[in-house]
Every structure is written in structure tokens, then in C-alpha cells.
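Note: the block below is upload.csv and it holds CSV, C-alpha atoms.
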chain,number,residue,atom,x,y,z
W,548,MET,CA,-83.4,17.7,-9.9
W,549,VAL,CA,-84.1,18.6,-13.5
W,550,ILE,CA,-87.6,18.7,-14.9
W,551,THR,CA,-88.8,19.3,-18.5
W,552,PRO,CA,-90.6,22.4,-19.6
W,553,ARG,CA,-93.8,20.4,-20.0
W,554,GLN,CA,-93.4,19.1,-16.4
W,555,GLU,CA,-93.0,22.6,-15.2
W,556,ALA,CA,-96.1,23.6,-17.2
W,557,ILE,CA,-98.0,20.8,-15.4
W,558,LEU,CA,-96.9,22.2,-12.0
W,559,ARG,CA,-98.0,25.7,-13.0
W,560,HIS,CA,-101.3,24.3,-14.1
W,561,LEU,CA,-101.7,22.7,-10.7
W,562,ALA,CA,-100.9,26.0,-9.0
W,563,ARG,CA,-103.6,27.7,-11.0
W,564,TYR,CA,-106.4,25.1,-10.6
W,565,ALA,CA,-105.4,23.4,-7.2
W,566,LEU,CA,-105.8,19.9,-8.6
W,567,THR,CA,-106.1,18.1,-11.9
W,568,LEU,CA,-106.9,14.7,-13.5
W,569,ARG,CA,-105.2,12.6,-16.2
W,570,PRO,CA,-107.8,13.2,-18.9
W,571,VAL,CA,-107.4,17.0,-18.4
W,572,LEU,CA,-103.6,16.8,-18.7
W,573,ASP,CA,-103.8,14.5,-21.8
W,574,ALA,CA,-106.1,17.0,-23.5
W,575,MET,CA,-104.2,20.2,-22.6
W,576,PHE,CA,-100.6,19.0,-22.9
W,577,TYR,CA,-100.5,15.8,-25.0
W,578,ASP,CA,-102.8,16.4,-28.0
W,579,GLY,CA,-105.6,14.4,-26.4
W,580,ILE,CA,-103.6,11.1,-26.4
W,581,SER,CA,-105.0,9.0,-23.6
W,582,GLY,CA,-102.4,8.0,-21.0
W,583,ALA,CA,-99.7,10.2,-22.5
W,584,CYS,CA,-99.2,12.1,-19.3
W,585,ASP,CA,-98.4,9.0,-17.2
W,586,ALA,CA,-94.6,9.1,-17.5
W,587,ASP,CA,-94.4,12.8,-16.6
W,588,LEU,CA,-96.8,12.3,-13.6
W,589,ALA,CA,-94.7,9.3,-12.4
W,590,GLN,CA,-91.5,11.4,-12.6
W,591,LEU,CA,-93.0,14.4,-10.8
W,592,LYS,CA,-94.4,12.1,-8.1
W,593,SER,CA,-91.0,10.4,-7.7
W,594,HIS,CA,-89.5,13.8,-7.2
W,595,LYS,CA,-92.1,14.5,-4.5
W,596,LEU,CA,-93.4,17.5,-6.4
W,597,ILE,CA,-97.0,16.2,-6.6
W,598,SER,CA,-99.3,14.0,-4.5
W,599,THR,CA,-102.1,11.8,-5.5
W,600,SER,CA,-105.6,11.1,-4.1
W,601,GLU,CA,-106.3,7.6,-5.6
W,602,ASN,CA,-109.5,6.8,-7.5
W,603,SER,CA,-111.4,9.5,-5.8
W,604,VAL,CA,-113.3,11.1,-8.7
W,605,ALA,CA,-116.1,9.2,-10.5
W,606,GLU,CA,-116.7,9.7,-14.2
W,607,SER,CA,-120.2,11.2,-14.5
W,608,ALA,CA,-120.8,9.4,-17.8
W,609,ASN,CA,-119.8,6.0,-16.3
W,610,PRO,CA,-119.7,5.8,-12.4
W,611,ARG,CA,-117.7,2.6,-12.6
W,612,ILE,CA,-114.7,4.6,-13.9
W,613,HIS,CA,-112.8,6.5,-11.3
W,614,TYR,CA,-109.9,8.9,-11.7
W,615,SER,CA,-107.1,9.9,-9.2
W,616,PHE,CA,-106.6,13.6,-8.8
W,617,TYR,CA,-103.2,15.3,-8.4
W,618,GLN,CA,-102.1,18.3,-6.5
W,619,LEU,CA,-98.8,20.1,-5.6
W,620,THR,CA,-96.8,19.2,-2.6
W,621,LYS,CA,-95.1,22.0,-0.6
W,622,ALA,CA,-91.9,21.1,-2.5
W,623,GLY,CA,-93.8,21.4,-5.8
W,624,ALA,CA,-95.3,24.7,-4.9
W,625,LYS,CA,-91.8,26.0,-3.8
W,626,ARG,CA,-90.3,24.8,-7.1
W,627,ILE,CA,-92.4,27.2,-9.2
W,628,GLY,CA,-92.7,30.0,-6.6
W,629,ALA,CA,-96.3,29.3,-5.8
W,630,SER,CA,-97.8,29.7,-2.3
W,631,GLU,CA,-97.2,26.8,0.1
W,632,TYR,CA,-101.0,26.9,0.6
W,633,ARG,CA,-101.2,25.0,-2.7
W,634,GLY,CA,-99.4,22.1,-1.1
W,635,LYS,CA,-102.1,21.6,1.6
W,636,SER,CA,-104.3,18.5,1.3
W,637,LEU,CA,-107.8,19.3,0.1
W,638,GLY,CA,-110.9,18.3,2.1
W,639,GLY,CA,-113.9,16.9,0.4
W,640,GLN,CA,-115.8,20.2,-0.1
W,641,ALA,CA,-112.8,22.0,-1.4
W,642,ALA,CA,-111.9,19.2,-3.8
W,643,ALA,CA,-115.5,19.2,-5.1
W,644,ARG,CA,-115.4,22.9,-5.7
W,645,TYR,CA,-112.0,22.8,-7.5
W,646,LEU,CA,-113.1,19.9,-9.6
W,647,ALA,CA,-116.1,21.9,-10.8
W,648,PHE,CA,-113.9,24.9,-11.6
W,649,LEU,CA,-111.3,22.7,-13.4
W,650,TRP,CA,-114.0,21.1,-15.5
W,651,PHE,CA,-115.7,24.4,-16.3
W,652,CYS,CA,-112.4,26.0,-17.4
W,653,CYS,CA,-110.5,23.2,-19.0
W,654,VAL,CA,-113.0,20.7,-20.3
W,655,LYS,CA,-116.2,22.5,-21.1
W,656,ARG,CA,-116.1,24.3,-24.4
W,657,PRO,CA,-115.1,27.0,-25.0
W,658,ARG,CA,-112.1,26.7,-22.7
W,659,ARG,CA,-111.6,29.4,-20.1
W,660,HIS,CA,-108.6,30.4,-18.0
W,661,ARG,CA,-108.7,30.7,-14.2
W,662,ILE,CA,-107.2,34.0,-13.1
W,663,GLY,CA,-105.9,35.5,-9.9
W,664,ALA,CA,-105.2,38.9,-8.3
W,665,ALA,CA,-102.4,40.0,-10.7
W,666,ASP,CA,-104.6,39.1,-13.7
W,667,LEU,CA,-107.6,41.0,-12.3
W,668,MET,CA,-105.4,44.1,-11.7
W,669,LYS,CA,-104.2,43.9,-15.3
W,670,ILE,CA,-107.8,43.8,-16.6
W,671,PHE,CA,-109.5,46.2,-14.2
W,672,GLY,CA,-106.7,48.3,-12.8
W,673,GLU,CA,-105.3,49.0,-9.4
W,674,GLU,CA,-108.7,49.8,-7.9
W,675,VAL,CA,-109.3,46.1,-7.4
W,676,THR,CA,-105.9,45.6,-5.5
W,677,PRO,CA,-105.2,48.8,-3.5
W,678,LEU,CA,-102.2,49.1,-1.3
W,679,GLY,CA,-102.9,48.0,2.2
W,680,ALA,CA,-100.9,47.7,5.4
W,681,GLY,CA,-97.2,47.3,4.8
W,682,HIS,CA,-97.6,48.6,1.3
W,683,LYS,CA,-98.9,45.2,0.1
W,684,ARG,CA,-101.7,45.0,-2.4
W,685,GLU,CA,-104.9,43.5,-1.1
W,686,LEU,CA,-107.5,42.1,-3.4
W,687,ARG,CA,-110.9,43.8,-2.9
W,688,LEU,CA,-112.6,41.4,-5.3
W,689,PRO,CA,-112.7,38.2,-3.4
W,690,GLY,CA,-113.6,34.8,-4.7
W,691,PHE,CA,-112.5,32.6,-7.7
W,692,HIS,CA,-112.5,34.0,-11.2
W,693,CYS,CA,-111.9,32.9,-14.8
W,694,LEU,CA,-111.5,34.7,-18.1
W,695,ASP,CA,-114.0,34.0,-20.8
W,696,LYS,CA,-112.5,35.4,-23.9
W,697,THR,CA,-113.1,35.3,-27.7
W,698,GLU,CA,-111.4,37.1,-30.5
W,699,ASN,CA,-113.7,40.1,-30.2
W,700,SER,CA,-114.8,40.2,-26.5
W,701,TYR,CA,-113.9,39.2,-23.0
W,702,ARG,CA,-115.8,38.6,-19.8
W,703,VAL,CA,-114.5,37.9,-16.3
W,704,LEU,CA,-116.7,35.4,-14.5
W,705,HIS,CA,-116.9,35.0,-10.7
W,706,LEU,CA,-117.1,31.3,-10.1
W,707,TYR,CA,-119.5,29.9,-7.5
W,708,ALA,CA,-120.2,26.2,-6.9
W,709,PRO,CA,-123.1,26.3,-4.4
W,710,LYS,CA,-123.9,23.5,-2.0
W,711,THR,CA,-127.0,25.0,-0.5
W,712,SER,CA,-130.7,25.4,-1.4
W,713,VAL,CA,-131.8,27.5,-4.4
W,714,GLY,CA,-133.1,30.2,-2.0
W,715,ASP,CA,-129.8,30.3,-0.1
W,716,THR,CA,-127.9,30.4,-3.3
W,717,VAL,CA,-129.8,33.4,-4.5
W,718,SER,CA,-129.2,35.2,-1.2
W,719,GLU,CA,-125.5,34.5,-1.4
W,720,LEU,CA,-125.3,35.6,-5.0
W,721,ARG,CA,-127.0,38.9,-4.1
W,722,LYS,CA,-124.5,39.4,-1.3
W,723,ARG,CA,-121.5,38.7,-3.7
W,724,LEU,CA,-123.0,41.1,-6.3
W,725,ARG,CA,-123.4,43.9,-3.7
W,726,GLU,CA,-119.8,43.4,-2.7
W,727,ALA,CA,-118.6,43.5,-6.3
W,728,ARG,CA,-120.6,46.7,-7.1
W,729,LYS,CA,-118.8,48.5,-4.2
W,730,LEU,CA,-115.9,48.9,-6.7
W,731,PRO,CA,-117.0,51.5,-9.3
W,732,VAL,CA,-114.8,49.8,-12.0
W,733,ILE,CA,-116.6,46.5,-11.4
W,734,ALA,CA,-120.0,48.1,-11.2
W,735,GLN,CA,-119.4,49.6,-14.7
W,736,ALA,CA,-118.0,46.3,-16.0
W,737,ILE,CA,-121.2,44.6,-14.9
W,738,VAL,CA,-123.2,47.1,-17.0
W,739,ASP,CA,-120.8,46.6,-19.9
W,740,ARG,CA,-121.1,42.8,-19.5
W,741,HIS,CA,-117.4,42.4,-18.9
W,742,TYR,CA,-118.0,41.0,-15.4
W,743,GLY,CA,-120.5,38.4,-14.5
W,744,PHE,CA,-121.2,35.3,-12.5
W,745,ALA,CA,-121.0,31.5,-13.3
W,746,LEU,CA,-122.9,29.2,-11.0
W,747,LEU,CA,-121.9,25.6,-11.2
W,748,ALA,CA,-124.6,23.1,-10.2
W,749,GLU,CA,-123.9,19.4,-9.4
W,750,THR,CA,-126.9,18.0,-11.4
W,751,ALA,CA,-129.0,19.0,-14.4
W,752,GLY,CA,-132.0,19.2,-12.1
W,753,GLU,CA,-130.3,21.7,-9.8
W,754,ARG,CA,-129.1,23.7,-12.9
W,755,ASP,CA,-132.6,24.0,-14.3
W,756,ALA,CA,-134.0,25.0,-10.9
W,757,LEU,CA,-131.4,27.7,-10.5
W,758,ARG,CA,-131.9,29.0,-14.0
W,759,SER,CA,-135.6,29.4,-13.4
W,760,HIS,CA,-135.3,31.0,-10.0
W,761,LEU,CA,-132.5,33.3,-11.1
W,762,ALA,CA,-134.4,34.5,-14.2
W,763,ARG,CA,-137.1,35.7,-11.9
W,764,ALA,CA,-134.9,37.0,-9.1
W,765,PHE,CA,-132.6,39.1,-11.4
W,766,ALA,CA,-135.1,39.9,-14.1
W,767,ASP,CA,-134.5,43.7,-13.7
W,768,ASP,CA,-130.8,43.5,-13.1
W,769,PRO,CA,-128.3,43.9,-15.9
W,770,VAL,CA,-125.8,41.4,-14.4
W,771,SER,CA,-124.8,38.5,-16.6
W,772,ILE,CA,-125.4,35.1,-14.9
W,773,LEU,CA,-124.3,31.8,-16.5
W,774,VAL,CA,-125.6,28.6,-14.9
W,775,ALA,CA,-123.9,25.3,-15.9
W,776,CYS,CA,-123.8,21.7,-14.7
W,777,ALA,CA,-120.3,20.9,-13.5
W,778,PRO,CA,-118.4,18.7,-13.6
W,779,GLY,CA,-119.6,16.8,-16.6
W,780,PRO,CA,-117.8,14.0,-18.5
W,781,TRP,CA,-114.0,14.3,-18.2
W,782,LYS,CA,-113.0,12.7,-21.5
W,783,ARG,CA,-113.5,14.8,-24.6
W,784,SER,CA,-112.5,14.4,-28.2
W,785,ARG,CA,-109.2,16.0,-29.1
W,786,ALA,CA,-109.1,19.8,-28.9

Structure translated into C-alpha cells:
Amino acid sequence: MVITPRQEAILRHLARYALTLRPVLDAMFYDGISGACDADLAQLKSHKLISTSENSVAESANPRIHYSFYQLTKAGAKRIGASEYRGKSLGGQAAARYLAFLWFCCVKRPRRHRIGAADLMKIFGEEVTPLGAGHKRELRLPGFHCLDKTENSYRVLHLYAPKTSVGDTVSELRKRLREARKLPVIAQAIVDRHYGFALLAETAGERDALRSHLARAFADDPVSILVACAPGPWKRSRA
């Protein structure tokens, strides 16, 4: 089957973010024109390269509006050389986590870019992906990351969408921070503010509680911690 360059870009976007929604695709690939992605999605679905979870995501600004989310099938993952893991159906918690990451990276301004092991190695060097058994590189910096970049600076953010109490979230963040600092290059990047953490709360109340608690818990720590509410409204004005 033949697919267009834009359809391939959509597949690669899905490989990077695990899932996506129509308003995100419209904004990223169609100049913000509402519904412009429909024909390409229909064709990709007819080729069995993507699957759909119908009307499963409520719009936070208007809960009566629901969106379907799309993800790769195993055939779609194979088509672009992505891991077959990307073709697995997502459970509720995984979908909620990936929706928060998608919104934070692709909808919230400024836009960010989710990155993987190869990108982390390019930024921080081979220390984060040493050779393991069978001479395969193994990522020593677990978790999900995105690149927060401007013209004059950059910062890699470790993404965390907690589903626990504020106290448990702080304990988990301390654990993740200790693990990150075991790598000298990351420990230095934290000091230089080139590596930090982004905590994505489900509600504004949770966001505010986390900000207050974290400000006290990490008052003497140079680590950069961003706390945001995600996901927010999915529709934005044209980029």
C-alpha cells in the first residue's frame, strides 16, 4: 500500500506519543483547520495501520464533547520500524498518562518534543546508554522525557503524571531524583538546570497542592521542578 508523507508523519507521531487526538493532529499537521485530518485518518484506518478508541476522552472545557483517540496497530508500528509494543492496546491508566504527556508536549505552549533513548544519548552522551549484555545499549535514565527548548537554552524534563497522594508523590519524586543523580552527567545537568522534572496533575487543586508541598520539600535542592495541570482544553487557536 502507498501512504503519503503526511500520513507517515502521523504514524511517526503516534510512535512517539503512543496515542493522539484529532484536534492535536489538526493543529500539528493541517494548520489548525478543524477536521482536516479526517480523510488521512480514515485511509490509515482502512489500511489497518491505526486503531481507534471511540469517544473515550472528554474535553475538559466542555465534558459533553468527547474525542476518540488513535494509536498504532502492530502493522502500523512495523510500517515505520517502531517497536511492536506501540501496537498494544492501552489500559485506562496508561492512556491517561499518555494523554497528559501528549497535551503537555503538543498542546500546551510552548510546544515540547517527547524524546527517547537515542535522543537522550545525543544530548548527554553514552553515559546514559552504556553497552550491556550482547553489546546492546541499555538506557540508565528510565522514565518518559521531553525536550523543552528555546533559541538560547534547552532543558530535558522527566515527565511524571502521579495518581497518588501528595506525600507519596513527593516520596516517588525523591526516589527518581536519587536514581537520576547516580549518573554524574545528569547530576551536573541538574545543577546547570538542563535536566529537571515536570509533574502533571489532573486538577488545578492537585496542581496547587503539589506546588506548595514541593516548594517546601525541595527548598534547598537546586533541581528544577515544573508542576502543571494536564490535560487541559484540547482545542487551541492556530499555531

Got a sec: who's within 8 Å of range 642-652 of chain W, counting only C-alpha atoms, leaving out chain neighbours fewer than 5 positions off, as number ranges by chain?
W: 564-567, 637, 658-661, 693, 706, 708, 747, 777-779, 781

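Nearest to Gly582 in chain W of all the residues W:Phe744, W:Ser771, W:Ser598, W:Lys782 is W:Lys782, counting only C-alpha atoms.
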
Would you mind listing what lies within 6 Å of range 737-741 of chain W as a PyMOL selection string, with all atoms listed in the file counted and same-chain residues fewer than 6 positions away left out?
chain W and resi 702-703+770

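Across the model, the gap from CA of Ile597 in chain W to CA of Ala622 in chain W is 8.2 Å.
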
What lies within 12 Å of His594 in chain W using only C-alpha atoms, ignoring chain neighbours under 5 positions off, as a list of chain:residue names?
W:Met548, W:Val549, W:Ile550, W:Gln554, W:Asp587, W:Leu588, W:Ala589, W:Leu619, W:Thr620, W:Lys621, W:Ala622, W:Gly623, W:Arg626

May I ask for the distance between CA of Lys710 in chain W and CA of Gly690 in chain W, given in Å to one decimal place?
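One can read the CA of Lys710 in chain W to CA of Gly690 in chain W distance as 15.5 Å.
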
Using all atoms listed in the file, which of W:Arg723, W:Arg758, W:Arg656, W:Arg559 sits nearest Leu596 in chain W?
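Nearest candidate to Leu596 in chain W out of W:Arg723, W:Arg758, W:Arg656, W:Arg559: W:Arg559.
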
Provide the CA of Phe765 in chain W to CA of Phe671 in chain W distance in Å, to one decimal place.
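Straight-line distance from CA of Phe765 in chain W to CA of Phe671 in chain W works out to 24.3 Å.
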
Please return as a list in words every residue within 9 Å of (-105.0, 34.5, -9.4), taking into account all atoms listed in the file and the file's own coordinates.
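Collected hits near the coordinates: Arg563, Arg661, Ile662, Gly663, Ala664, Ala665, Asp666, Leu667, Phe691, His692 and Cys693 of chain W.
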
Which residues come within 12 Å of Met668 in chain W, counting only C-alpha atoms, excluding same-chain residues fewer than 3 positions away, as a PyMOL selection string?
chain W and resi 662-665+671-678+684-688+703+732-733

For Ala629 in chain W, the nearest of the candidates W:Ala562, W:Leu572, W:Leu746, W:Leu730, counting only C-alpha atoms:
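Among W:Ala562, W:Leu572, W:Leu746, W:Leu730, it is W:Ala562 that comes nearest to Ala629 in chain W.
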
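Distance check against Glu606 in chain W using only C-alpha atoms: of W:Asp767, W:Lys722, W:Gly638, W:Pro570, the minimum falls on W:Pro570.
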
Distance criterion (only C-alpha atoms): nearest to Thr599 in chain W out of W:Ser581, W:Ser630, W:Thr697, W:Ser636:
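The answer is W:Ser636, which sits nearest to Thr599 in chain W.
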
His613 in chain W: which residues within 6 Å, counting all atoms listed in the file, same-chain residues fewer than 3 positions away excluded, as a PyMOL selection string?
chain W and resi 602+604-606

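The residue that comes closest to Thr716 in chain W, out of W:Leu694, W:Ile627, W:Ala583, W:Ala764 and on the basis of all atoms listed in the file, is W:Ala764.
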